[in-house]
file coords-v2.csv (CSV, C-alpha atoms)
chain,number,residue,atom,x,y,z
A,1,MET,CA,-17.1,-9.0,-16.2
A,2,PHE,CA,-18.6,-7.9,-12.9
A,3,ASP,CA,-22.3,-8.3,-13.8
A,4,ASP,CA,-22.7,-11.3,-11.5
A,5,TYR,CA,-21.5,-9.3,-8.6
A,6,VAL,CA,-23.2,-6.0,-9.2
A,7,ASN,CA,-26.5,-7.6,-8.6
A,8,GLY,CA,-25.3,-8.6,-5.1
A,9,ALA,CA,-24.3,-5.1,-4.1
A,10,SER,CA,-26.0,-3.8,-1.0
A,11,GLU,CA,-28.6,-1.1,-1.6
A,12,TYR,CA,-26.8,0.8,1.1
A,13,ALA,CA,-23.4,0.4,-0.4
A,14,HIS,CA,-23.5,3.6,-2.3
A,15,THR,CA,-22.4,6.5,-0.2
A,16,ILE,CA,-20.7,7.0,3.1
A,17,GLU,CA,-23.6,9.1,4.2
A,18,ASP,CA,-26.0,6.4,3.4
A,19,TYR,CA,-24.1,4.1,5.6
A,20,GLU,CA,-24.1,6.6,8.5
A,21,ASN,CA,-27.9,6.5,8.4
A,22,GLN,CA,-28.2,2.8,8.0
A,23,ALA,CA,-25.2,1.4,9.8
A,24,GLU,CA,-26.6,-1.3,12.0
A,25,LYS,CA,-28.9,-2.6,9.3
A,26,VAL,CA,-26.0,-2.9,6.8
A,27,ILE,CA,-23.5,-4.5,9.2
A,28,TYR,CA,-25.7,-7.2,10.6
A,29,SER,CA,-27.8,-8.0,7.7
A,30,SER,CA,-25.1,-8.5,5.1
A,31,GLY,CA,-22.6,-11.2,4.4
A,32,THR,CA,-19.9,-8.7,5.2
A,33,GLY,CA,-21.1,-8.6,8.8
A,34,SER,CA,-18.9,-11.3,10.1
A,35,HIS,CA,-15.8,-9.5,8.9
A,36,VAL,CA,-16.7,-6.0,9.9
A,37,PRO,CA,-15.6,-6.2,13.6
A,38,LEU,CA,-12.2,-7.7,12.5
A,39,MET,CA,-11.7,-5.1,9.8
A,40,LEU,CA,-12.6,-2.3,12.2
A,41,GLU,CA,-10.0,-3.8,14.7
A,42,ALA,CA,-7.4,-3.9,11.9
A,43,VAL,CA,-8.2,-0.2,11.1
A,44,GLU,CA,-7.7,0.6,14.7
A,45,VAL,CA,-4.3,-1.2,14.8
A,46,ALA,CA,-3.2,0.6,11.6
A,47,TRP,CA,-4.0,3.9,13.1
A,48,ARG,CA,-2.3,3.2,16.4
A,49,THR,CA,0.8,2.0,14.5
A,50,ALA,CA,1.2,5.4,12.9
A,51,LEU,CA,0.3,7.9,15.6
A,52,ARG,CA,3.3,10.1,15.0
A,53,ASP,CA,5.2,11.5,12.0
A,54,ASN,CA,8.3,9.5,11.1
A,55,TRP,CA,6.9,6.3,12.5
A,56,ASP,CA,8.3,4.4,9.5
A,57,GLY,CA,11.5,6.4,9.0
A,58,SER,CA,12.0,10.0,7.9
A,59,ASN,CA,9.2,11.6,5.8
A,60,SER,CA,6.6,9.0,6.9
A,61,ARG,CA,3.4,10.6,8.1
A,62,ALA,CA,1.1,9.9,11.0
A,63,ILE,CA,-2.4,8.6,10.3
A,64,SER,CA,-4.9,11.2,11.4
A,65,TYR,CA,-7.9,10.5,13.5
A,66,THR,CA,-10.1,11.8,10.6
A,67,THR,CA,-8.5,9.2,8.3
A,68,LYS,CA,-9.2,6.4,10.9
A,69,VAL,CA,-12.9,7.5,11.2
A,70,LYS,CA,-13.2,7.7,7.4
A,71,ALA,CA,-11.7,4.2,7.1
A,72,ASP,CA,-14.2,2.9,9.6
A,73,VAL,CA,-17.1,4.3,7.7
A,74,PHE,CA,-15.6,3.0,4.4
A,75,VAL,CA,-15.3,-0.6,5.8
A,76,LYS,CA,-19.0,-0.4,6.9
A,77,SER,CA,-20.0,0.6,3.4
A,78,PHE,CA,-18.7,-2.5,1.6
A,79,PRO,CA,-21.1,-4.2,-0.7
A,80,ILE,CA,-23.3,-7.0,0.7
A,81,GLY,CA,-22.0,-10.5,0.4
A,82,ILE,CA,-18.3,-10.0,0.8
A,83,SER,CA,-16.6,-13.1,2.1
A,84,GLU,CA,-13.0,-12.2,1.6
A,85,ALA,CA,-11.7,-9.4,3.8
A,86,PRO,CA,-8.9,-7.2,2.6
A,87,ILE,CA,-5.5,-7.0,4.3
A,88,ILE,CA,-5.5,-3.6,6.1
A,89,ASN,CA,-2.2,-1.8,6.7
A,90,ALA,CA,-0.9,1.5,7.9
A,91,GLU,CA,0.6,3.4,5.0
A,92,ALA,CA,3.8,5.5,5.4
A,93,ASP,CA,2.1,8.5,3.7
A,94,GLY,CA,-0.6,8.7,6.4
A,95,ALA,CA,-3.2,6.6,4.6
A,96,ILE,CA,-4.9,3.4,5.6
A,97,GLY,CA,-4.6,0.7,2.9
A,98,PHE,CA,-6.9,-2.1,1.9
A,99,ASP,CA,-5.5,-4.8,-0.4
A,100,TRP,CA,-7.0,-7.9,-2.0
A,101,GLU,CA,-5.1,-10.4,-4.1
A,102,LYS,CA,-6.5,-13.1,-6.3
A,103,GLU,CA,-3.6,-15.0,-8.0
A,104,THR,CA,-2.2,-12.4,-10.4
A,105,GLU,CA,-5.0,-9.8,-9.8
A,106,SER,CA,-4.9,-7.2,-7.1
A,107,LEU,CA,-7.0,-4.3,-5.8
A,108,SER,CA,-5.4,-1.6,-3.6
A,109,ILE,CA,-7.5,1.1,-2.0
A,110,LEU,CA,-6.1,4.0,0.1
A,111,VAL,CA,-8.2,6.1,2.4
A,112,LYS,CA,-6.6,9.4,3.6
A,113,GLU,CA,-8.4,12.2,5.2
A,114,GLY,CA,-11.5,12.7,3.0
A,115,ARG,CA,-10.3,11.0,-0.1
A,116,LEU,CA,-10.1,7.5,-1.5
A,117,VAL,CA,-7.7,6.4,-4.2
A,118,TYR,CA,-7.7,3.0,-5.9
A,119,SER,CA,-5.8,0.9,-8.4
A,120,ALA,CA,-6.7,-2.6,-9.7
A,121,PHE,CA,-4.6,-4.9,-11.8
A,122,LEU,CA,-6.8,-7.4,-13.5
A,123,LYS,CA,-6.6,-10.3,-15.9
A,124,ASP,CA,-5.3,-9.8,-19.5
A,125,ASP,CA,-3.4,-6.6,-18.4
A,126,GLU,CA,-6.7,-4.8,-17.8
A,127,ARG,CA,-6.4,-2.0,-15.2
A,128,SER,CA,-8.6,0.3,-13.4
A,129,LYS,CA,-7.9,3.3,-11.1
A,130,GLY,CA,-9.5,6.4,-9.8
A,131,SER,CA,-10.0,8.7,-6.9
A,132,LEU,CA,-13.0,10.3,-5.2
A,133,LYS,CA,-14.1,12.3,-2.2
A,134,LEU,CA,-15.5,10.1,0.5
A,135,ARG,CA,-18.6,12.1,0.8
A,136,ASN,CA,-19.4,11.4,-2.8
A,137,ARG,CA,-21.1,8.3,-4.1
A,138,LEU,CA,-18.7,5.4,-4.5
A,139,SER,CA,-18.3,4.8,-8.2
A,140,LYS,CA,-20.0,1.9,-9.9
A,141,ASP,CA,-16.5,0.7,-11.0
A,142,LEU,CA,-15.2,0.7,-7.4
A,143,ILE,CA,-18.3,-1.1,-6.0
A,144,GLU,CA,-17.9,-3.8,-8.7
A,145,LEU,CA,-14.2,-4.2,-7.9
A,146,ILE,CA,-14.8,-4.6,-4.2
A,147,ALA,CA,-17.6,-7.1,-4.9
A,148,TYR,CA,-15.4,-9.0,-7.3
A,149,PHE,CA,-12.3,-9.2,-5.1
A,150,GLY,CA,-14.4,-9.8,-2.0
A,151,GLN,CA,-15.8,-13.1,-3.4
A,152,ALA,CA,-14.0,-16.3,-2.2
B,1,MET,CA,22.2,-2.9,-8.1
B,2,LEU,CA,19.9,-1.1,-5.7
B,3,THR,CA,18.8,-2.2,-2.2
B,4,ARG,CA,15.6,-1.2,-0.5
B,5,TYR,CA,15.5,-1.8,3.3
B,6,LEU,CA,12.2,-2.5,5.0
B,7,PHE,CA,11.4,-2.3,8.7
B,8,GLN,CA,7.7,-3.2,8.7
B,9,SER,CA,6.7,-6.8,8.5
B,10,GLY,CA,3.6,-6.0,6.4
B,11,HIS,CA,5.8,-4.6,3.6
B,12,ALA,CA,6.9,-8.0,2.2
B,13,SER,CA,5.7,-11.5,1.9
B,14,PRO,CA,8.5,-13.6,3.3
B,15,ALA,CA,6.9,-16.9,2.3
B,16,LYS,CA,7.0,-15.8,-1.4
B,17,GLY,CA,10.1,-13.7,-1.0
B,18,GLU,CA,8.2,-10.8,-2.5
B,19,ILE,CA,8.1,-7.1,-1.8
B,20,LYS,CA,4.6,-5.5,-1.5
B,21,ARG,CA,3.6,-2.2,-3.0
B,22,GLN,CA,3.9,-0.7,0.5
B,23,GLY,CA,7.6,-1.5,0.4
B,24,VAL,CA,8.1,0.9,-2.4
B,25,LYS,CA,5.8,3.7,-1.2
B,26,ALA,CA,6.9,7.0,-2.6
B,27,LEU,CA,6.9,9.6,0.2
B,28,TYR,CA,6.7,13.4,-0.3
B,29,VAL,CA,9.9,15.1,0.8
B,30,GLU,CA,9.1,18.7,1.5
B,31,SER,CA,12.7,19.9,1.2
B,32,ASN,CA,12.9,18.6,-2.4
B,33,LEU,CA,9.2,19.2,-3.3
B,34,ARG,CA,8.8,15.8,-4.7
B,35,HIS,CA,8.0,12.1,-4.0
B,36,GLU,CA,10.9,9.8,-3.4
B,37,VAL,CA,11.7,6.2,-2.5
B,38,SER,CA,15.0,5.8,-0.6
B,39,VAL,CA,17.4,3.1,-1.8
B,40,PHE,CA,21.1,2.4,-1.8
B,41,ASP,CA,23.5,1.7,-4.6
B,42,THR,CA,24.9,-1.6,-3.4
B,43,SER,CA,26.7,-2.6,-6.6
B,44,THR,CA,30.1,-4.3,-5.9
B,45,LEU,CA,29.1,-4.9,-2.2
B,46,THR,CA,28.9,-8.3,-0.5
B,47,GLN,CA,25.6,-9.4,1.0
B,48,GLU,CA,27.1,-8.9,4.4
B,49,GLU,CA,28.1,-5.3,3.6
B,50,ILE,CA,24.6,-4.7,2.1
B,51,ILE,CA,22.9,-5.8,5.3
B,52,SER,CA,25.4,-3.8,7.4
B,53,ILE,CA,24.2,-0.6,5.7
B,54,GLY,CA,20.6,-1.5,6.6
B,55,LYS,CA,21.3,-2.3,10.2
B,56,ASP,CA,24.0,0.2,11.1
B,57,HIS,CA,23.1,3.2,9.0
B,58,VAL,CA,19.4,3.1,7.9
B,59,GLY,CA,18.3,1.4,11.1
B,60,LYS,CA,20.4,3.3,13.6
B,61,ASP,CA,17.7,5.8,14.6
B,62,ARG,CA,14.7,3.4,14.3
B,63,SER,CA,13.0,1.6,17.1
B,64,ASP,CA,12.0,-1.3,14.8
B,65,PRO,CA,14.8,-3.7,13.6
B,66,LEU,CA,15.6,-4.2,10.0
B,67,LYS,CA,13.1,-6.9,8.7
B,68,TYR,CA,13.9,-7.3,5.0
B,69,ALA,CA,16.2,-6.2,2.3
B,70,PHE,CA,15.5,-6.4,-1.5
B,71,THR,CA,18.3,-6.0,-3.9
B,72,PHE,CA,17.4,-5.5,-7.6
B,73,PRO,CA,18.9,-4.1,-10.8
B,74,GLU,CA,18.6,-0.3,-11.3
B,75,GLU,CA,17.2,-1.0,-14.7
B,76,ILE,CA,13.9,-2.1,-13.1
B,77,PRO,CA,12.7,1.3,-12.0
B,78,THR,CA,14.1,3.1,-15.1
B,79,ALA,CA,12.3,0.6,-17.4
B,80,ILE,CA,9.0,1.8,-16.1
B,81,GLY,CA,9.8,5.5,-16.4
B,82,LEU,CA,11.3,6.3,-13.0
B,83,THR,CA,14.7,7.8,-12.4
B,84,ILE,CA,17.5,7.0,-10.0
B,85,GLU,CA,19.3,10.0,-8.4
B,86,ASN,CA,22.4,9.6,-6.2
B,87,ASP,CA,22.1,12.4,-3.6
B,88,ASN,CA,24.8,11.2,-1.1
B,89,ALA,CA,22.4,12.2,1.7
B,90,GLY,CA,24.0,10.9,4.9
B,91,HIS,CA,25.7,8.1,3.0
B,92,ASP,CA,27.7,8.2,-0.2
B,93,ARG,CA,25.6,5.3,-1.6
B,94,HIS,CA,22.2,6.8,-0.9
B,95,CYS,CA,19.9,7.3,-3.9
B,96,ASN,CA,16.3,8.2,-4.5
B,97,ILE,CA,13.9,6.7,-7.0
B,98,ILE,CA,12.2,9.8,-8.4
B,99,GLN,CA,9.9,11.2,-11.1
B,100,TRP,CA,6.8,9.7,-9.7
B,101,PRO,CA,3.4,10.5,-11.3
B,102,LYS,CA,1.6,13.6,-10.0
B,103,THR,CA,-1.8,12.2,-9.2
B,104,GLU,CA,-2.3,9.8,-6.2
B,105,GLU,CA,-4.0,7.1,-8.3
B,106,ASP,CA,-1.2,7.2,-10.9
B,107,LYS,CA,1.4,7.1,-8.2
B,108,LEU,CA,-0.3,4.1,-6.5
B,109,GLU,CA,-0.4,2.3,-9.9
B,110,LYS,CA,3.3,3.0,-10.4
B,111,GLU,CA,4.2,1.7,-7.0
B,112,LYS,CA,2.3,-1.6,-7.8
B,113,GLU,CA,4.1,-1.7,-11.1
B,114,LEU,CA,7.5,-1.3,-9.4
B,115,ALA,CA,6.8,-4.0,-6.8
B,116,LEU,CA,5.6,-6.4,-9.5
B,117,ALA,CA,8.7,-5.7,-11.6
B,118,ILE,CA,11.1,-6.3,-8.7
B,119,ASN,CA,9.3,-9.5,-7.9
B,120,SER,CA,9.5,-10.7,-11.5
B,121,SER,CA,13.2,-10.1,-11.7
B,122,ALA,CA,15.4,-13.1,-11.9
B,123,GLN,CA,18.2,-11.0,-10.3
B,124,LYS,CA,16.3,-10.0,-7.2
B,125,ILE,CA,17.9,-10.9,-4.0
B,126,PHE,CA,15.7,-11.2,-0.9
B,127,TRP,CA,17.1,-11.1,2.6
B,128,GLN,CA,15.1,-11.7,5.8
B,129,ASN,CA,16.2,-11.0,9.3
B,130,LYS,CA,15.8,-14.2,11.2
B,131,GLU,CA,17.4,-13.0,14.5

call {"tool": "encode", "arguments": {"input": "coords-v2.csv", "output": "structure tokens"}}
result
Amino acid sequence: MFDDYVNGASEYAHTIEDYENQAEKVIYSSGTGSHVPLMLEAVEVAWRTALRDNWDGSNSRAISYTTKVKADVFVKSFPIGISEAPIINAEADGAIGFDWEKETESLSILVKEGRLVYSAFLKDDERSKGSLKLRNRLSKDLIELIAYFGQA
Amino acid sequence: MLTRYLFQSGHASPAKGEIKRQGVKALYVESNLRHEVSVFDTSTLTQEEIISIGKDHVGKDRSDPLKYAFTFPEEIPTAIGLTIENDNAGHDRHCNIIQWPKTEEDKLEKEKELALAINSSAQKIFWQNKE
């Protein structure tokens, strides 16, 4: 179901390390570019919201600076052509969350320290989920999901 | 009935009267070695009494005011494999939603399921602080 979007994925949207080498080229040559500064600002706000443990009641965790930096890099690695930015929130477990909604469908991605976790609820009760280390290549499934939910 | 109190504006959609998955985020509690979502058994209480617990008990040590309260049947979490445990921690009506999946992706999926189930319930009661 994602074939139309896979073809639009940025050649740089594969690994975080790829991004680090090609950052400016990706940000300013892609359709995602116009959203990137706002998304980075939202990541900054989320991080500052949760600077200390217990910021959202007992047992809530601070968002580490490492998580903030990893979330920055993740934002900049989005596939090319994204026109819908996610809602970015501080998470009470110390993660930074990225959420897209399309009617009854949703994609949730959590970045925490060096890991990324995601869960998608799709049409016809189809679901997808997974986790990966942020230094590893983003999975094809995840790139397709971001491209799909990032379309207007 | 159970009530979940929320203090972050991003944890609900007031226009839709819906709780977001962040509103039922299961947090790791070191003393119990497990993930929990804190709720209150508000069966038999009036809406005024329910909000009073949120403002005067749950919110008493917080800098942010109570923003939202969602009241829903306890069958909603149990129907998706979670368990309710009354632990009386600090309040005789305090409970935890427990038995969350072990992996982070399964836990995230379950949180989304729980939010969806609460929002789909005809018995859900949504309260928003308009002060």

call {"tool": "residues_around", "arguments": {"input": "coords-v2.csv", "residues": "B:Arg34", "least_positions_apart": "3", "cutoff": "8 Å", "atoms": "all atoms listed in the file", "output": "CSV table (one decimal) with C-alpha atoms, in the frame of the given file"}}
result
chain,number,residue,atom,x,y,z
B,28,TYR,CA,6.7,13.4,-0.3
B,29,VAL,CA,9.9,15.1,0.8
B,30,GLU,CA,9.1,18.7,1.5
B,98,ILE,CA,12.2,9.8,-8.4
B,99,GLN,CA,9.9,11.2,-11.1

call {"tool": "closest_atom_pairs", "arguments": {"input": "coords-v2.csv", "of": "chain A", "to": "chain B", "cutoff": "12 Å", "atoms": "only C-alpha atoms", "output": "CSV"}}
result
residue,atom,partner,partner_atom,distance
A:Ala46,CA,B:Gly10,CA,10.8
A:Thr49,CA,B:Gln8,CA,10.4
A:Ala50,CA,B:Gln8,CA,11.6
A:Asn54,CA,B:Arg62,CA,9.4
A:Trp55,CA,B:Arg62,CA,8.5
A:Asp56,CA,B:Phe7,CA,7.4
A:Gly57,CA,B:Arg62,CA,6.9
A:Ser58,CA,B:Val29,CA,9.0
A:Asn59,CA,B:Val29,CA,6.1
A:Ser60,CA,B:Leu27,CA,6.7
A:Arg61,CA,B:Leu27,CA,8.7
A:Ile87,CA,B:Gly10,CA,9.4
A:Ile88,CA,B:Gly10,CA,9.4
A:Asn89,CA,B:Gly10,CA,7.2
A:Ala90,CA,B:Gly10,CA,8.9
A:Glu91,CA,B:Gln22,CA,6.9
A:Ala92,CA,B:Lys25,CA,7.1
A:Asp93,CA,B:Leu27,CA,6.0
A:Gly94,CA,B:Leu27,CA,9.8
A:Ala95,CA,B:Gln22,CA,11.0
A:Ile96,CA,B:Gln22,CA,11.0
A:Gly97,CA,B:Gln22,CA,8.9
A:Phe98,CA,B:Gln22,CA,11.0
A:Asp99,CA,B:Arg21,CA,9.8
A:Trp100,CA,B:Lys20,CA,11.9
A:Glu101,CA,B:Lys20,CA,11.2
A:Thr104,CA,B:Leu116,CA,9.9
A:Glu105,CA,B:Leu116,CA,11.1
A:Ser106,CA,B:Lys112,CA,9.1
A:Leu107,CA,B:Lys112,CA,9.9
A:Ser108,CA,B:Leu108,CA,8.2
A:Ile109,CA,B:Leu108,CA,9.0
A:Leu110,CA,B:Leu108,CA,8.8
A:Val111,CA,B:Glu104,CA,11.1
A:Lys112,CA,B:Glu104,CA,10.7
A:Arg115,CA,B:Glu104,CA,10.1
A:Leu116,CA,B:Glu105,CA,9.1
A:Val117,CA,B:Glu105,CA,5.6
A:Tyr118,CA,B:Glu105,CA,6.0
A:Ser119,CA,B:Glu109,CA,5.8
A:Ala120,CA,B:Glu109,CA,8.0
A:Phe121,CA,B:Glu109,CA,8.5
A:Asp125,CA,B:Glu113,CA,11.6
A:Arg127,CA,B:Glu109,CA,9.1
A:Ser128,CA,B:Glu109,CA,9.1
A:Lys129,CA,B:Glu105,CA,6.1
A:Gly130,CA,B:Glu105,CA,5.7
A:Ser131,CA,B:Glu105,CA,6.4
A:Leu132,CA,B:Glu105,CA,10.0

call {"tool": "closest_residue", "arguments": {"input": "coords-v2.csv", "among": "B:His94, B:Ile76, B:Phe70, B:Glu48", "to": "B:Gly17", "atoms": "only C-alpha atoms"}}
result
B:Phe70

call {"tool": "residues_near_point", "arguments": {"input": "coords-v2.csv", "point": "(-9.1, -6.7, 12.6)", "cutoff": "12 Å", "atoms": "only C-alpha atoms", "output": "JSON, numbers by chain"}}
result
{"A": [34, 35, 36, 37, 38, 39, 40, 41, 42, 43, 44, 45, 46, 47, 72, 75, 85, 86, 87, 88, 89, 98]}

call {"tool": "atom_distance", "arguments": {"input": "coords-v2.csv", "atom1": "atom CA of B:Tyr5", "atom2": "atom CA of B:Thr44"}}
result
17.4 Å

call {"tool": "atom_distance", "arguments": {"input": "coords-v2.csv", "atom1": "atom CA of B:Thr83", "atom2": "atom CA of B:Asp41"}}
result
13.2 Å
